[in-house]
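The next block is query-v1.txt, given as compact mmCIF, C-alpha atoms (C1' of nucleotides).
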# COMPACT_ATOMS: atom_id res chain seq x y z
CA MET E 1 -23.77 67.77 34.91
CA SER E 2 -22.89 64.52 36.65
CA THR E 3 -19.28 64.56 37.64
CA SER E 4 -18.47 60.87 37.58
CA PRO E 5 -19.10 58.60 34.63
CA ASP E 6 -22.63 57.63 35.37
CA ILE E 7 -23.10 54.17 36.76
CA LEU E 8 -26.17 54.03 34.61
CA ALA E 9 -24.44 54.70 31.32
CA ARG E 10 -23.28 51.44 29.69
CA PRO E 11 -20.95 49.86 32.22
CA LEU E 12 -17.23 50.27 31.86
CA ARG E 13 -15.25 47.46 30.43
CA ALA E 14 -13.79 45.31 33.19
CA ASP E 15 -10.21 46.43 32.70
CA ALA E 16 -11.28 50.03 32.50
CA ARG E 17 -13.04 49.81 35.83
CA ARG E 18 -9.96 48.22 37.36
CA ASN E 19 -7.76 50.96 35.97
CA ARG E 20 -10.02 53.67 37.21
CA GLU E 21 -9.66 52.22 40.67
CA LYS E 22 -5.90 52.01 40.38
CA ILE E 23 -5.70 55.60 39.23
CA ILE E 24 -7.74 56.89 42.12
CA ASN E 25 -5.69 54.97 44.65
CA ALA E 26 -2.46 56.13 43.10
CA ALA E 27 -3.69 59.71 43.08
CA ARG E 28 -4.54 59.48 46.75
CA ALA E 29 -1.07 58.24 47.53
CA ILE E 30 0.65 60.89 45.47
CA VAL E 31 -1.47 63.67 46.91
CA ALA E 32 -0.72 62.32 50.35
CA GLU E 33 2.98 62.75 49.88
CA ARG E 34 3.20 65.72 47.56
CA GLY E 35 0.05 67.66 48.28
CA GLU E 36 -0.82 70.23 45.70
CA ALA E 37 2.41 69.52 43.87
CA ALA E 38 1.09 66.14 42.79
CA GLN E 39 1.66 65.46 39.10
CA ILE E 40 -0.37 63.52 36.60
CA ASP E 41 2.68 61.69 35.31
CA ASP E 42 3.48 60.43 38.77
CA VAL E 43 -0.05 59.31 39.31
CA ALA E 44 0.05 57.40 36.05
CA ARG E 45 3.37 55.77 36.89
CA LYS E 46 2.26 54.81 40.37
CA ALA E 47 -0.93 53.35 38.94
CA GLY E 48 1.10 51.39 36.40
CA VAL E 49 -0.77 53.02 33.58
CA GLY E 50 -0.03 55.47 30.76
CA VAL E 51 -0.91 59.14 31.04
CA GLY E 52 -3.36 58.70 28.24
CA THR E 53 -5.34 56.32 30.37
CA VAL E 54 -5.61 58.82 33.16
CA TYR E 55 -7.02 61.28 30.67
CA ARG E 56 -9.46 58.72 29.36
CA HIS E 57 -10.99 58.56 32.83
CA PHE E 58 -10.70 62.19 33.83
CA PRO E 59 -10.81 65.00 31.31
CA ASN E 60 -8.21 66.99 33.19
CA LYS E 61 -6.37 67.34 36.44
CA ASP E 62 -9.08 69.30 38.16
CA ALA E 63 -11.57 66.55 37.45
CA LEU E 64 -9.26 64.02 39.07
CA MET E 65 -8.70 66.19 42.11
CA GLY E 66 -12.41 66.82 42.20
CA GLU E 67 -13.10 63.12 42.32
CA LEU E 68 -10.68 62.71 45.20
CA LEU E 69 -12.41 65.54 46.96
CA ARG E 70 -15.79 63.96 46.37
CA LEU E 71 -14.59 60.79 48.02
CA CYS E 72 -13.18 62.63 51.01
CA VAL E 73 -16.32 64.62 51.48
CA GLY E 74 -18.30 61.42 51.20
CA GLU E 75 -16.32 59.87 54.03
CA CYS E 76 -16.93 62.89 56.19
CA THR E 77 -20.61 62.77 55.47
CA ALA E 78 -20.79 59.10 56.39
CA LEU E 79 -19.01 59.81 59.65
CA THR E 80 -21.27 62.72 60.44
CA ARG E 81 -24.42 60.78 59.71
CA SER E 82 -23.25 57.90 61.84
CA LEU E 83 -23.35 60.26 64.80
CA ALA E 84 -26.95 61.23 64.26
CA ASP E 85 -28.29 58.79 66.82
CA ARG E 86 -26.04 59.78 69.69
CA GLU E 87 -27.96 60.82 72.75
CA ASP E 88 -25.57 63.44 74.04
CA PRO E 89 -25.75 66.33 71.58
CA TRP E 90 -22.47 67.83 72.70
CA GLU E 91 -20.58 64.60 72.28
CA ALA E 92 -22.15 64.11 68.88
CA PHE E 93 -20.90 67.51 67.78
CA ALA E 94 -17.53 67.10 69.41
CA ASP E 95 -17.04 63.66 67.92
CA MET E 96 -17.84 64.99 64.52
CA VAL E 97 -15.02 67.46 64.85
CA ARG E 98 -12.70 64.95 66.49
CA GLY E 99 -13.49 62.31 63.91
CA ALA E 100 -12.84 64.60 61.00
CA CYS E 101 -9.54 65.63 62.53
CA GLU E 102 -8.58 62.08 63.37
CA ASN E 103 -9.28 61.27 59.78
CA ALA E 104 -7.26 64.17 58.53
CA ALA E 105 -4.36 63.33 60.78
CA ALA E 106 -4.41 59.65 59.98
CA ASP E 107 -4.09 59.91 56.29
CA ALA E 108 -2.39 62.81 54.73
CA ALA E 109 -4.33 62.15 51.57
CA SER E 110 -7.66 63.26 52.90
CA ARG E 111 -6.16 66.22 54.70
CA ARG E 112 -4.17 67.43 51.77
CA THR E 113 -6.89 66.81 49.29
CA TRP E 114 -8.88 69.67 50.76
CA GLN E 115 -5.92 71.93 50.49
CA ALA E 116 -4.65 70.65 47.18
CA ALA E 117 -7.98 70.86 45.46
CA GLY E 118 -7.92 74.27 43.90
CA ASP E 119 -11.01 76.32 43.36
CA ASP E 120 -11.35 74.72 39.99
CA ALA E 121 -11.74 71.28 41.48
CA LEU E 122 -14.41 72.36 43.90
CA PRO E 123 -17.42 72.34 41.59
CA TYR E 124 -16.96 68.62 41.05
CA ALA E 125 -17.78 67.99 44.67
CA ALA E 126 -20.35 70.70 45.20
CA ALA E 127 -23.30 68.34 45.50
CA GLU E 128 -21.76 66.10 48.13
CA LYS E 129 -20.47 69.09 49.99
CA ALA E 130 -24.02 70.32 50.32
CA GLU E 131 -24.99 66.94 51.74
CA LEU E 132 -22.20 67.16 54.25
CA MET E 133 -23.33 70.59 55.36
CA ASP E 134 -26.83 69.26 55.84
CA ALA E 135 -25.61 66.41 57.97
CA ALA E 136 -23.50 68.77 60.04
CA ALA E 137 -26.37 71.21 60.37
CA LEU E 138 -28.42 68.50 62.01
CA LEU E 139 -25.87 67.88 64.75
CA ILE E 140 -25.21 71.55 65.24
CA GLY E 141 -28.92 72.30 65.44
CA ARG E 142 -29.37 69.72 68.17
CA ALA E 143 -26.42 71.01 70.12
CA HIS E 144 -27.84 74.49 69.93
CA ALA E 145 -31.27 73.28 71.00
CA ALA E 146 -29.72 71.57 73.99
CA GLY E 147 -27.85 74.76 74.81
CA VAL E 148 -24.46 73.08 74.90
CA LEU E 149 -22.91 74.82 71.92
CA ARG E 150 -22.21 78.54 71.79
CA ASP E 151 -25.16 79.93 69.98
CA ASP E 152 -23.09 82.24 67.85
CA PHE E 153 -21.42 79.29 66.22
CA ARG E 154 -23.07 78.64 62.87
CA VAL E 155 -22.96 75.89 60.33
CA ASP E 156 -21.12 78.24 58.03
CA ASP E 157 -18.35 78.44 60.57
CA MET E 158 -17.58 74.75 60.16
CA GLY E 159 -15.60 75.47 57.03
CA GLY E 160 -13.34 77.92 58.74
CA LEU E 161 -13.02 75.73 61.81
CA MET E 162 -12.04 72.60 59.94
CA CYS E 163 -9.83 74.51 57.60
CA GLY E 164 -8.06 75.95 60.58
CA LEU E 165 -7.73 72.67 62.40
CA GLY E 166 -6.55 70.98 59.23
CA ALA E 167 -3.86 73.57 58.73
CA ALA E 168 -2.83 73.28 62.35
CA ILE E 169 -2.59 69.52 62.12
CA ASP E 170 -0.54 69.82 58.99
CA ALA E 171 1.75 72.37 60.53
CA MET E 172 2.41 70.32 63.59
CA PRO E 173 5.05 67.66 63.72
CA GLU E 174 3.29 64.30 63.89
CA GLU E 175 4.79 63.76 67.33
CA ASP E 176 1.91 61.70 68.47
CA GLY E 177 -1.16 63.63 69.27
CA ARG E 178 0.15 67.11 69.98
CA TRP E 179 -2.54 68.32 67.66
CA ARG E 180 -5.22 66.57 69.69
CA ARG E 181 -4.64 69.08 72.42
CA LEU E 182 -5.36 71.90 70.03
CA VAL E 183 -8.60 70.28 68.97
CA GLU E 184 -9.69 69.95 72.56
CA PHE E 185 -8.79 73.58 73.19
CA ALA E 186 -10.94 74.58 70.28
CA LEU E 187 -13.83 72.41 71.43
CA ASP E 188 -13.61 73.86 74.91
CA GLY E 189 -13.84 77.25 73.36
CA LEU E 190 -16.97 76.24 71.49
CA LYS E 191 -18.82 74.90 74.50
CA ALA E 192 -21.60 77.14 75.74
CA ARG E 193 -20.81 78.57 79.13
CA MET L 194 24.89 83.88 55.28
CA SER L 195 23.21 87.23 55.63
CA THR L 196 19.92 87.26 53.83
CA SER L 197 19.58 90.90 52.98
CA PRO L 198 22.24 92.87 51.18
CA ASP L 199 24.30 94.01 54.10
CA ILE L 200 23.75 97.59 55.10
CA LEU L 201 27.44 97.70 55.79
CA ALA L 202 28.54 96.70 52.33
CA ARG L 203 28.97 99.77 50.11
CA PRO L 204 25.60 101.46 50.00
CA LEU L 205 23.29 100.85 47.09
CA ARG L 206 23.09 103.43 44.43
CA ALA L 207 20.20 105.81 45.07
CA ASP L 208 18.05 104.55 42.23
CA ALA L 209 18.78 100.97 43.18
CA ARG L 210 17.57 101.52 46.72
CA ARG L 211 14.42 103.13 45.38
CA ASN L 212 13.81 100.23 43.04
CA ARG L 213 14.35 97.69 45.76
CA GLU L 214 11.66 99.42 47.75
CA LYS L 215 9.31 99.49 44.78
CA ILE L 216 9.87 95.81 44.15
CA ILE L 217 9.11 94.82 47.70
CA ASN L 218 5.94 96.87 47.77
CA ALA L 219 4.81 95.49 44.46
CA ALA L 220 5.54 91.95 45.62
CA ARG L 221 3.45 92.52 48.72
CA ALA L 222 0.55 93.69 46.61
CA ILE L 223 0.80 90.84 44.17
CA VAL L 224 1.08 88.24 46.90
CA ALA L 225 -1.89 89.84 48.59
CA GLU L 226 -4.07 89.27 45.59
CA ARG L 227 -2.65 86.11 44.09
CA GLY L 228 -1.09 84.32 47.05
CA GLU L 229 1.29 81.58 46.12
CA ALA L 230 0.43 82.05 42.47
CA ALA L 231 2.25 85.37 42.43
CA GLN L 232 4.56 85.73 39.46
CA ILE L 233 7.84 87.54 39.09
CA ASP L 234 6.78 89.15 35.84
CA ASP L 235 3.74 90.65 37.50
CA VAL L 236 5.80 91.93 40.38
CA ALA L 237 8.18 93.57 37.93
CA ARG L 238 5.38 95.15 35.95
CA LYS L 239 3.62 96.43 39.05
CA ALA L 240 6.89 97.85 40.29
CA GLY L 241 7.41 99.55 36.93
CA VAL L 242 10.69 97.76 36.51
CA GLY L 243 12.16 95.08 34.27
CA VAL L 244 12.42 91.45 35.38
CA GLY L 245 16.16 91.74 35.23
CA THR L 246 16.04 94.36 37.93
CA VAL L 247 14.10 92.09 40.20
CA TYR L 248 16.79 89.47 39.74
CA ARG L 249 19.51 91.99 40.44
CA HIS L 250 18.04 92.47 43.89
CA PHE L 251 16.96 88.94 44.64
CA PRO L 252 18.79 85.93 43.23
CA ASN L 253 15.56 84.03 42.77
CA LYS L 254 11.91 83.90 43.66
CA ASP L 255 12.45 82.17 46.97
CA ALA L 256 14.76 84.92 48.08
CA LEU L 257 12.12 87.50 47.30
CA MET L 258 9.44 85.58 49.13
CA GLY L 259 11.88 85.07 51.95
CA GLU L 260 12.39 88.80 52.24
CA LEU L 261 8.66 89.35 52.40
CA LEU L 262 8.43 86.75 55.08
CA ARG L 263 11.23 88.40 57.03
CA LEU L 264 9.34 91.67 57.02
CA CYS L 265 6.12 90.02 58.15
CA VAL L 266 7.84 88.19 60.93
CA GLY L 267 9.49 91.42 61.93
CA GLU L 268 6.13 93.14 62.25
CA CYS L 269 4.84 90.32 64.40
CA THR L 270 7.88 90.52 66.61
CA ALA L 271 7.45 94.25 67.06
CA LEU L 272 3.84 93.74 68.02
CA THR L 273 4.69 90.99 70.45
CA ARG L 274 7.43 92.98 72.09
CA SER L 275 5.19 95.98 72.45
CA LEU L 276 3.00 93.87 74.72
CA ALA L 277 5.80 92.98 77.07
CA ASP L 278 4.93 95.70 79.56
CA ARG L 279 1.27 94.87 79.94
CA GLU L 280 0.28 94.17 83.51
CA ASP L 281 -2.37 91.55 82.86
CA PRO L 282 -0.55 88.47 81.56
CA TRP L 283 -3.66 86.95 80.04
CA GLU L 284 -4.52 90.07 78.11
CA ALA L 285 -0.96 90.33 76.92
CA PHE L 286 -1.11 86.82 75.53
CA ALA L 287 -4.59 87.23 74.12
CA ASP L 288 -3.71 90.51 72.48
CA MET L 289 -0.72 88.94 70.88
CA VAL L 290 -2.98 86.40 69.23
CA ARG L 291 -5.64 88.96 68.43
CA GLY L 292 -3.12 91.40 67.07
CA ALA L 293 -1.53 88.86 64.82
CA CYS L 294 -4.93 87.84 63.50
CA GLU L 295 -6.05 91.41 63.09
CA ASN L 296 -2.92 91.97 61.11
CA ALA L 297 -3.51 88.90 59.01
CA ALA L 298 -7.10 89.83 58.34
CA ALA L 299 -6.33 93.44 57.57
CA ASP L 300 -3.84 92.86 54.86
CA ALA L 301 -3.97 89.79 52.78
CA ALA L 302 -0.32 90.24 52.03
CA SER L 303 0.93 89.37 55.45
CA ARG L 304 -1.52 86.53 55.82
CA ARG L 305 -0.77 85.01 52.46
CA THR L 306 2.92 85.50 52.73
CA TRP L 307 3.09 82.87 55.41
CA GLN L 308 1.19 80.47 53.24
CA ALA L 309 2.80 81.41 49.97
CA ALA L 310 6.32 81.21 51.26
CA GLY L 311 7.29 77.66 50.43
CA ASP L 312 9.73 75.66 52.51
CA ASP L 313 12.48 77.00 50.33
CA ALA L 314 11.77 80.56 51.35
CA LEU L 315 11.77 79.77 55.04
CA PRO L 316 15.52 79.71 55.66
CA TYR L 317 15.74 83.35 54.65
CA ALA L 318 13.69 84.30 57.66
CA ALA L 319 14.94 81.74 60.14
CA ALA L 320 16.81 84.22 62.29
CA GLU L 321 13.93 86.62 62.75
CA LYS L 322 11.56 83.76 63.33
CA ALA L 323 13.69 82.68 66.26
CA GLU L 324 13.45 86.20 67.65
CA LEU L 325 9.69 86.10 67.31
CA MET L 326 9.53 82.83 69.17
CA ASP L 327 11.61 84.31 71.96
CA ALA L 328 9.32 87.27 72.27
CA ALA L 329 6.28 85.02 72.31
CA ALA L 330 7.90 82.72 74.83
CA LEU L 331 8.19 85.62 77.22
CA LEU L 332 4.47 86.37 77.16
CA ILE L 333 3.54 82.71 77.30
CA GLY L 334 5.87 82.12 80.21
CA ARG L 335 4.28 84.94 82.18
CA ALA L 336 0.80 83.72 81.46
CA HIS L 337 1.80 80.27 82.65
CA ALA L 338 3.38 81.69 85.77
CA ALA L 339 0.19 83.57 86.51
CA GLY L 340 -1.79 80.41 85.97
CA VAL L 341 -4.10 81.97 83.41
CA LEU L 342 -3.02 79.94 80.39
CA ARG L 343 -3.52 76.19 80.10
CA ASP L 344 -0.24 74.76 81.16
CA ASP L 345 -0.17 72.22 78.38
CA PHE L 346 -0.03 74.97 75.81
CA ARG L 347 3.57 75.41 74.73
CA VAL L 348 5.45 77.94 72.68
CA ASP L 349 5.80 75.33 69.98
CA ASP L 350 2.04 75.24 69.67
CA MET L 351 1.94 78.85 68.52
CA GLY L 352 2.86 77.83 65.01
CA GLY L 353 -0.01 75.43 64.71
CA LEU L 354 -2.40 77.84 66.38
CA MET L 355 -1.58 80.77 64.15
CA CYS L 356 -1.45 78.62 61.09
CA GLY L 357 -4.89 77.35 61.92
CA LEU L 358 -6.32 80.75 62.64
CA GLY L 359 -4.74 82.13 59.50
CA ALA L 360 -6.29 79.42 57.39
CA ALA L 361 -9.63 79.97 59.07
CA ILE L 362 -9.49 83.69 58.44
CA ASP L 363 -8.60 83.08 54.85
CA ALA L 364 -11.38 80.57 54.40
CA MET L 365 -13.99 82.85 55.85
CA PRO L 366 -15.76 85.42 53.77
CA GLU L 367 -14.60 88.84 54.93
CA GLU L 368 -18.12 89.61 56.09
CA ASP L 369 -16.91 91.83 58.83
CA GLY L 370 -15.46 90.09 61.76
CA ARG L 371 -17.03 86.64 61.57
CA TRP L 372 -13.53 85.32 62.06
CA ARG L 373 -13.13 87.33 65.25
CA ARG L 374 -15.61 85.04 66.87
CA LEU L 375 -13.48 82.07 65.97
CA VAL L 376 -10.46 83.70 67.51
CA GLU L 377 -12.32 84.35 70.72
CA PHE L 378 -13.52 80.76 70.78
CA ALA L 379 -9.97 79.60 70.48
CA LEU L 380 -8.78 81.97 73.20
CA ASP L 381 -11.52 80.80 75.51
CA GLY L 382 -10.34 77.30 74.92
CA LEU L 383 -6.81 78.27 75.88
CA LYS L 384 -7.70 79.93 79.14
CA ALA L 385 -6.79 77.91 82.19
CA ARG L 386 -9.85 76.71 84.01
C1' DG X 387 31.89 116.90 32.66
C1' DA X 388 34.25 112.65 31.68
C1' DA X 389 35.31 107.83 33.07
C1' DG X 390 34.15 103.90 35.30
C1' DA X 391 31.22 101.36 37.95
C1' DT X 392 26.68 100.12 38.88
C1' DA X 393 22.14 99.21 37.62
C1' DC X 394 18.41 98.66 34.21
C1' DG X 395 15.25 96.48 30.60
C1' DG X 396 13.32 93.01 28.34
C1' DA X 397 13.86 89.61 24.64
C1' DA X 398 15.15 85.02 24.59
C1' DC X 399 16.03 80.63 26.68
C1' DT X 400 15.01 76.58 29.48
C1' DC X 401 12.61 73.57 32.00
C1' DC X 402 8.56 71.53 33.54
C1' DG X 403 4.00 69.81 33.67
C1' DG X 404 -0.64 69.40 31.58
C1' DT X 405 -2.79 67.75 27.47
C1' DT X 406 -3.35 65.65 22.83
C1' DC X 407 -3.04 62.15 19.35
C1' DC X 408 -3.00 58.00 17.14
C1' DG X 409 -1.39 53.31 16.21
C1' DC X 410 -1.85 49.17 18.89
C1' DT X 411 -4.07 45.91 22.34
C1' DT X 412 -7.73 43.81 24.80
C1' DG X 413 -12.36 42.81 26.18
C1' DT X 414 -17.02 41.78 24.60
C1' DC X 415 -20.58 39.71 22.09
C1' DA X 416 -22.56 37.04 18.50
C1' DT U 417 -13.42 32.49 16.86
C1' DG U 418 -13.81 36.68 14.44
C1' DA U 419 -15.09 41.49 14.19
C1' DC U 420 -15.78 45.69 16.26
C1' DA U 421 -15.87 48.80 19.85
C1' DA U 422 -13.59 50.31 23.89
C1' DG U 423 -9.53 51.19 26.09
C1' DC U 424 -4.40 51.70 26.43
C1' DG U 425 0.44 53.69 26.16
C1' DG U 426 3.54 57.11 25.78
C1' DA U 427 5.99 60.16 22.58
C1' DA U 428 5.26 64.63 21.18
C1' DC U 429 3.24 69.03 21.65
C1' DC U 430 2.39 73.45 23.88
C1' DG U 431 2.07 77.15 26.93
C1' DG U 432 3.51 79.22 31.01
C1' DA U 433 6.76 80.73 34.53
C1' DG U 434 11.52 81.25 36.35
C1' DT U 435 15.98 82.71 34.95
C1' DT U 436 19.85 84.45 32.01
C1' DC U 437 22.31 87.69 29.19
C1' DC U 438 24.01 91.66 27.31
C1' DG U 439 23.62 96.18 25.13
C1' DT U 440 22.13 100.55 27.04
C1' DA U 441 21.21 104.10 30.55
C1' DT U 442 22.18 106.20 34.96
C1' DC U 443 24.64 107.40 39.02
C1' DT U 444 28.98 108.66 41.37
C1' DT U 445 33.39 110.45 41.83
C1' DC U 446 37.29 113.16 40.73
Let's see the structure in the file written out as structure tokens.
Amino acid sequence: MSTSPDILARPLRADARRNREKIINAARAIVAERGEAAQIDDVARKAGVGVGTVYRHFPNKDALMGELLRLCVGECTALTRSLADREDPWEAFADMVRGACENAAADAASRRTWQAAGDDALPYAAAEKAELMDAAALLIGRAHAAGVLRDDFRVDDMGGLMCGLGAAIDAMPEEDGRWRRLVEFALDGLKAR
Amino acid sequence: MSTSPDILARPLRADARRNREKIINAARAIVAERGEAAQIDDVARKAGVGVGTVYRHFPNKDALMGELLRLCVGECTALTRSLADREDPWEAFADMVRGACENAAADAASRRTWQAAGDDALPYAAAEKAELMDAAALLIGRAHAAGVLRDDFRVDDMGGLMCGLGAAIDAMPEEDGRWRRLVEFALDGLKAR
DNA sequence: GAAGATACGGAACTCCGGTTCCGCTTGTCA
DNA sequence: TGACAAGCGGAACCGGAGTTCCGTATCTTC
């Protein structure tokens, strides 16, 4: 049921661990530039490794994409948790959204991973996604309690919101920061009034 | 340069015109349910027609998707234009956004067409997209003039906005109208204050 | 209603990308 | 250092999806 080769199971051989790392980095890069059209062969080439090796580490493409997704989700969770001790509940919420977007805008890999990861890759990251939702729920709960966030905005809406912002960011020419305006518009719309 | 078989060129044979219609309808349906994974064979089968026939009408898949896109864009343009005589400039703008979303939510085909149409399909609809932008620019200009729309919101932002809302709608369980809230949030954020 | 043009159907072809397989190499451990 | 397990490379395989081709059927026109 565990999705990544357990750290507890006999440790990987040194070279294998190194290769695994190289593969993941390469995959990130390829996904960043090609999105869902990323190909295993390209990943292998970029990693300086044979296809067979990729398949030794990940049983199939979905598993690889799933791993990437897990990592992305993990980053988001870390960010979200780091905001838990903010005093201002609105700023905590807003910064969560801003941070995630900033992240998405900064490296295409993390943004595209969400999009590129098909439904089949999702299960691999289910556990960490749940954690992320928990972390987000905390911030959202506080914002609600403080009466600064529209009370009809629910945790479950985060998915749609981020998905929307992600798509918007992707659709917008990088032209520095145009997208930031959209994020602020959205946040303004979410503020209780 | 024209993207659809010119109406002026000798008219299609009766059965051919009928088939063309069937193909387009079938394609809409298939795209609605499968999105970008839609397949020519399925379209042909659904249309009750051979693959060859599909290729007689559209030189390749992109052309077919492009045609679908053209139709969608056309609908949007019609909607937008129909709002040109509204008195309240804010409501005209807001209803444009709402209408487009309503449209997107109501039939998956139109929503997914935008997503499914790859970059290669875009050129086929370039002309009508320009028209749509013009129509939208009119409403946006009026709203700006009336001072009801944030003045840093530009016509060029419409793409990102709609793309975002579309993705959000798609990501949200249909559960009636949850997405409408998101749209209203966004609109609130766009109102001048 | 016959001739010619137009359109149709669908089997077959091609290309592309994920996956498998197995002989060879490299790390690990005694 | 030698033996064995673990890992590697990449050619070959395979299935799936777009596209082509051509014999046949259907419209249109005189």
>> Only residues of chain L matter here; which ones have an atom within 7 Å of chain X, counting all atoms listed in the file? Give them as a PyMOL selection string.
In response: chain L and resi 209+243+245-246
> With distances taken over only C-alpha atoms (C1' of nucleotides), which of U:DC438, U:DA419, U:DC443, U:DA427 is nearest to chain L?
Replying inline: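 Among U:DC438, U:DA419, U:DC443, U:DA427, it is U:DC443 that comes nearest to chain L.
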> What is the distance between atom CA of E:Asp134 and atom CA of E:Arg20, in Å to one decimal?
Replying inline: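 Atom-to-atom, atom CA of E:Asp134 to atom CA of E:Arg20, that is 29.5 Å.
Residues of chain E having any atom within 12 Å of chain U, counting only C-alpha atoms (C1' of nucleotides), are E:Arg10, E:Pro11, E:Leu12, E:Arg13, E:Ala14, E:Asp15, E:Ala16, E:Arg17, E:Arg18, E:Asn19, E:Arg20, E:Asp41, E:Ala44, E:Arg45, E:Gly48, E:Val49, E:Gly50, E:Val51, E:Gly52, E:Thr53, E:Val54, E:Tyr55, E:Arg56, E:His57.
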>> Using only C-alpha atoms, I'd like every residue of chain E that has an atom within 12 Å of chain L; please write them out as an MDAnalysis selection string.
In response: chainID E and resid 36:37 114:115 118:119 149:154 156:175 178:193
>> Applying 9 Å and all atoms listed in the file, which residues near E:Ser110 remain after dropping the ones on its own chain fewer than 3 positions away? List them as a PyMOL selection string.
In response: chain E and resi 28+31-32+68-69+71-73+103-107+113-114
Take the residues from that selection and write them out as a compact mmCIF listing (two decimals), keeping the file's coordinate frame, keeping C-alpha atoms.
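Saved as result02.txt:
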# COMPACT_ATOMS: atom_id res chain seq x y z
CA ARG E 28 -4.54 59.48 46.75
CA VAL E 31 -1.47 63.67 46.91
CA ALA E 32 -0.72 62.32 50.35
CA LEU E 68 -10.68 62.71 45.20
CA LEU E 69 -12.41 65.54 46.96
CA LEU E 71 -14.59 60.79 48.02
CA CYS E 72 -13.18 62.63 51.01
CA VAL E 73 -16.32 64.62 51.48
CA ASN E 103 -9.28 61.27 59.78
CA ALA E 104 -7.26 64.17 58.53
CA ALA E 105 -4.36 63.33 60.78
CA ALA E 106 -4.41 59.65 59.98
CA ASP E 107 -4.09 59.91 56.29
CA THR E 113 -6.89 66.81 49.29
CA TRP E 114 -8.88 69.67 50.76
> L:Ala339: which residues within 10 Å, counting only C-alpha atoms (C1' of nucleotides), same-chain residues fewer than 6 positions away excluded, as a count of residues only?
Replying inline: 5
>> Between atom CA of E:Cys76 and atom CA of E:Val43, what is the distance in Å, rounded to a tenth?
In response: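 Here the two named atoms are 24.1 Å from each other.
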>> If I take atom CA of L:Ala220 and atom CA of L:Glu260, how far is one from the other in Å, to one decimal?
In response: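 Atom-to-atom, atom CA of L:Ala220 to atom CA of L:Glu260, that is 10.0 Å.
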>> Counting all atoms listed in the file, I want the residues whose atoms come within 12 Å of (-32.0, 68.3, 71.4) in the file frame, returned as a list of chain:residue names.
In response: E:Ala84, E:Asp85, E:Arg86, E:Glu87, E:Asp88, E:Pro89, E:Trp90, E:Ala92, E:Phe93, E:Leu138, E:Leu139, E:Ile140, E:Gly141, E:Arg142, E:Ala143, E:His144, E:Ala145, E:Ala146, E:Gly147, E:Val148, E:Leu149
Just need the box for stretch 354-367 of chain L, edges along x, y and z, holding every atom the file lists for it with 4 Å tacked onto each side, so centre and edge lengths in Å to one decimal, as JSON.
{"center_x": -8.6, "center_y": 83.1, "center_z": 60.1, "size_x": 22.3, "size_y": 19.5, "size_z": 20.6}
Complete the atoms of stretch 29-40 of chain E to N, CA and C atoms and put them out as a PDB file, in the coordinates of the input.
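Here's the written file selection17.pdb:
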ATOM      1  N   ALA E  29      -2.411  58.415  46.968  1.00  0.00           N
ATOM      2  CA  ALA E  29      -1.070  58.240  47.530  1.00  0.00           C
ATOM      3  C   ALA E  29      -0.176  59.419  47.170  1.00  0.00           C
ATOM      4  N   ILE E  30      -0.214  59.794  45.911  1.00  0.00           N
ATOM      5  CA  ILE E  30       0.650  60.890  45.470  1.00  0.00           C
ATOM      6  C   ILE E  30       0.255  62.191  46.154  1.00  0.00           C
ATOM      7  N   VAL E  31      -1.028  62.450  46.232  1.00  0.00           N
ATOM      8  CA  VAL E  31      -1.470  63.670  46.910  1.00  0.00           C
ATOM      9  C   VAL E  31      -1.037  63.631  48.371  1.00  0.00           C
ATOM     10  N   ALA E  32      -1.110  62.453  48.947  1.00  0.00           N
ATOM     11  CA  ALA E  32      -0.720  62.320  50.350  1.00  0.00           C
ATOM     12  C   ALA E  32       0.708  62.771  50.562  1.00  0.00           C
ATOM     13  N   GLU E  33       1.581  62.395  49.631  1.00  0.00           N
ATOM     14  CA  GLU E  33       2.980  62.750  49.880  1.00  0.00           C
ATOM     15  C   GLU E  33       3.387  64.082  49.285  1.00  0.00           C
ATOM     16  N   ARG E  34       2.748  64.497  48.206  1.00  0.00           N
ATOM     17  CA  ARG E  34       3.200  65.720  47.560  1.00  0.00           C
ATOM     18  C   ARG E  34       2.221  66.878  47.703  1.00  0.00           C
ATOM     19  N   GLY E  35       1.028  66.592  48.150  1.00  0.00           N
ATOM     20  CA  GLY E  35       0.050  67.660  48.280  1.00  0.00           C
ATOM     21  C   GLY E  35      -0.290  68.267  46.939  1.00  0.00           C
ATOM     22  N   GLU E  36      -0.398  69.557  46.916  1.00  0.00           N
ATOM     23  CA  GLU E  36      -0.820  70.230  45.700  1.00  0.00           C
ATOM     24  C   GLU E  36       0.189  70.111  44.560  1.00  0.00           C
ATOM     25  N   ALA E  37       1.393  69.655  44.902  1.00  0.00           N
ATOM     26  CA  ALA E  37       2.410  69.520  43.870  1.00  0.00           C
ATOM     27  C   ALA E  37       2.294  68.185  43.136  1.00  0.00           C
ATOM     28  N   ALA E  38       1.284  67.428  43.439  1.00  0.00           N
ATOM     29  CA  ALA E  38       1.090  66.140  42.790  1.00  0.00           C
ATOM     30  C   ALA E  38       1.033  66.312  41.273  1.00  0.00           C
ATOM     31  N   GLN E  39       1.639  65.369  40.562  1.00  0.00           N
ATOM     32  CA  GLN E  39       1.660  65.460  39.100  1.00  0.00           C
ATOM     33  C   GLN E  39       0.986  64.270  38.438  1.00  0.00           C
ATOM     34  N   ILE E  40       0.338  64.562  37.322  1.00  0.00           N
ATOM     35  CA  ILE E  40      -0.370  63.520  36.600  1.00  0.00           C
ATOM     36  C   ILE E  40       0.563  62.376  36.205  1.00  0.00           C
TER      37      ILE E  40
END
